[in-house]
Amino acid sequence: MESSTGVLVIGGGSTGTGIARDLAMRGADVTLVEQGNLTHGTTGRMHGLLHSGGRYAVSDQESAKECIQENRVLRDIASHCVEMTGGLFVQRPEDTDEYFQKKQGCRECDIPAEVLSPEEAREIEPYLAKDIKRAIKVPDGAIDPFRLCVANAVSTENHGGRVETHAPVTDVLIEDGEVVGVEVEHETGQGKREHGKAGQTEKIYADHVVNATGAWAGRIGEMAGVEVEVRPSKGVMVVMNCRQVDTVVNRCQPKGDADIVVPHETTAILGTTDEEVDDPEDYPEEQWEVDRMIDELKQLVPILDEARTIRSFWGVRPLYEPPDTGTSDPTDITRQFFLLDHDDRDDLPGMTSIVGGKFTTYRMMAETISDHVSERLGIDAECRTADVPLPGSKDETVLNDAMDRFGLRSPIARRSKQRLGNRADEVLDVDEANPVICQCEGVTRAEIKDAVSQAGTDLNAVRIRTRASMGNCQGGFCSRAMADVLHPEYEEEIAREAYDELFQERWKGEVHALWGEQLSQAMLNYALHATTLNADSDPARLDQEVDFGAFDAGRPTDAVEGAEGGDSAVATDGGHDGD
């Protein structure tokens with residue numbers, strides 16, 4: 001199968017979806033391909049910090065200025081993805097006064113900064129340690145990367161673009177020394193993913209190819225015969241059971257592991273480490289990394305020592321170091337982004353790569369490369385992404401009445417409003433009962449159905465759109481109910497496969513958090529799914545005939561009377577009274 005497009009964007013993270021949206025809004029014919037779900041790579045494995053730039057105000061002021069500029073833009077265009085929590089850089093007694101003074105250089109980067117006494121800092125965050133020296137207040141925030149990327153993808157499609165997930169690139173097509181497209185392998189065919197459908201190969205020809213694959217950029221470069229010097233660096237994040245803080249808390253020190261706590265939705269996320277790896281998909285995930293998060297950050301927020309950890313995950317930063325720089329420590333590599341024009345750089349026209357950067361500056365990165373591509377292709381249109389709100393981020397004042405109209409009570413109403421933004425009316429106006437499917441995150445059946453309409457049978461894609469199964473039980477109580485929503489539109493076998501895939505993905509993040517209450521939760525989840533639901537041995541899964549005659553119709557009257565008289569009687573479960 002073959003097709004053609006104007007611009008082919010590889011990568012469905014923040015940068016890739018941002019580029020696709022920007023170019024589609026300029027009138028370009030755009031196709032985006034992603035090897036997994038949207039946010040499959042680095043974007044879906046971050047701590048959710050909307051940078052003020054304060055973290056870079058001492059070591060990388062250019063990055064700091066980019067961050068505060070884009071911080072303000074995202075608050076405006078992606079309001080339903082952003083929570084302006086504020087941030088604190090906290091100095092402990094062992095942290096140097098010299099660095100604290102340098103951190104006040106935030107003001108030089110146009111970052112509002114206010115020095116607080118220990119008492120003032122604890123008025124904002126009561127659970128801060130009693131022995132902190134002082135703090136600097138900055139406009140950090142929390143942002144939902146899943147919601148943001150989905151909104152960019154929806155905007156791309158609204159402007160005529162095409163978005164294909166679960167379509168990994170298997171080859172870069174080169175003719176007469178020029179990149180002319182890519183070959184992809186659709187896991188279940190074109191369009192939204194549906195378990196059970198046969199896959200197919202497609203050659204997509206394009207006037208220009210953009211490599212926006214982050215830590216995977218070197219692999220795409222290798223397919224095209226050019227070198228892209230990405231240095232992947234892994235970092236662990238630990239998810240707590242609730243928000244131990246409501247403000248982003250940073251350790252005020254030059255660099256180090258375990259120096260930030262980000263309040264994110266219903267949780268707090270602890271981060272992180274910074275270790276260079278060779279392969280962005282194959283690296284060790286070690287228990288000591290998780291332990292270090294708790295051991296270090298409890299010095300800032302002591303209550304973390306007693307808190308419940310529900311999961312951990314690792315992400316890989318797409319750090320880029322220009323040739324001949326010679327940096328040995330990944331923490332010293334700049335967080336700026338770089339546009340690599342392979343025509344000028346490698347004498348290979350038809351492809352451009354974008355590497356480095358940060359999530360907060362994704363839109364700026366997308367604008368830069370979209371300007372470059374537009375110039376190459378003769379597209380005469382200005383960037384509008386800094387001014388046009390993303391889908392869901394328009395005026396939210398209409399939502400309060402909508403919540404009453406659809407019978408959603410707080411906190412369900414608040415959570416639905418946060419997730420859907422101005423799409424609440426469209427999604428929740430249904431002619432049937434709308435129960436809550438995910439109790440932990442307050443996700444209703446209407447929201448699940450809306451996500452299924454976008455994502456097909458991929459319940460992990462439904463998860464990133466709704467947060468269903470991301471709460472304390474990690475899908476223990478809701479994953480089966482999510483799968484039930486797929487039926488009867490999809491066959492039972494397909495719903496089972498989708499359920500298994502979701503539940504296994506949830507389990508993968510729990511294995512480094514099996515102690516205390518979370519170990520009890522994991523044992524309960526096992527009891528529910530492996531025994532009560534018989535998920536491992538259900539005859540329907542094993543292609544076995546079910547002998548319904550083996551099930552009796554209940555205890556007959558004479559057996560009940562006999563039991564009352566002390567005689568043994570067969571129970572409906574095949575056992576015996578008293579066993």
# chains A, B, ... in the order shown; residues from 1 in each chain; ligands from 1
$ residues_around --residues "Leu128 of chain A" --least-positions-apart "3" --cutoff "12 Å" --atoms "only C-alpha atoms" --output "ChimeraX atom specification"
/A:88-92,118-125,131-135,244-251,261,297-304
$ residues_around --residues "Ile174 of chain A" --least-positions-apart "6" --cutoff "12 Å" --atoms "only C-alpha atoms" --output "count of residues only"
18
$ residues_around --residues "Glu493 of chain A" --least-positions-apart "2" --cutoff "9 Å" --atoms "only C-alpha atoms" --output "PyMOL selection string"
chain A and resi 196+490-491+495-498+540-541
$ write_last_selection --atoms "N, CA and C atoms" --output "PDB file, in the first residue's frame"
ATOM      1  N   GLY A 196      -7.090  -7.629  17.047  1.00  0.00           N
ATOM      2  CA  GLY A 196      -7.631  -8.679  16.189  1.00  0.00           C
ATOM      3  C   GLY A 196      -7.565  -8.367  14.708  1.00  0.00           C
ATOM      4  N   TYR A 490     -17.372  -4.479  20.196  1.00  0.00           N
ATOM      5  CA  TYR A 490     -16.272  -5.375  19.854  1.00  0.00           C
ATOM      6  C   TYR A 490     -16.519  -6.748  20.473  1.00  0.00           C
ATOM      7  N   GLU A 491     -16.013  -7.777  19.826  1.00  0.00           N
ATOM      8  CA  GLU A 491     -16.222  -9.136  20.293  1.00  0.00           C
ATOM      9  C   GLU A 491     -15.579  -9.361  21.662  1.00  0.00           C
ATOM     10  N   ALA A 495     -12.176  -7.760  23.612  1.00  0.00           N
ATOM     11  CA  ALA A 495     -12.252  -7.053  24.893  1.00  0.00           C
ATOM     12  C   ALA A 495     -11.335  -7.691  25.925  1.00  0.00           C
ATOM     13  N   ARG A 496     -11.257  -9.026  25.923  1.00  0.00           N
ATOM     14  CA  ARG A 496     -10.371  -9.719  26.864  1.00  0.00           C
ATOM     15  C   ARG A 496      -8.909  -9.362  26.593  1.00  0.00           C
ATOM     16  N   GLU A 497      -8.521  -9.355  25.316  1.00  0.00           N
ATOM     17  CA  GLU A 497      -7.141  -9.039  24.957  1.00  0.00           C
ATOM     18  C   GLU A 497      -6.785  -7.611  25.369  1.00  0.00           C
ATOM     19  N   ALA A 498      -7.714  -6.690  25.171  1.00  0.00           N
ATOM     20  CA  ALA A 498      -7.481  -5.294  25.565  1.00  0.00           C
ATOM     21  C   ALA A 498      -7.347  -5.172  27.079  1.00  0.00           C
ATOM     22  N   ALA A 540     -13.109 -19.813  28.785  1.00  0.00           N
ATOM     23  CA  ALA A 540     -13.311 -19.020  27.569  1.00  0.00           C
ATOM     24  C   ALA A 540     -11.983 -18.532  27.000  1.00  0.00           C
ATOM     25  N   ARG A 541     -10.997 -18.326  27.865  1.00  0.00           N
ATOM     26  CA  ARG A 541      -9.674 -17.900  27.403  1.00  0.00           C
ATOM     27  C   ARG A 541      -8.881 -19.079  26.838  1.00  0.00           C
TER      28      ARG A 541
END
$ atom_distance --atom1 "atom CA of Val436 of chain A" --atom2 "atom CA of Arg465 of chain A"
15.6 Å
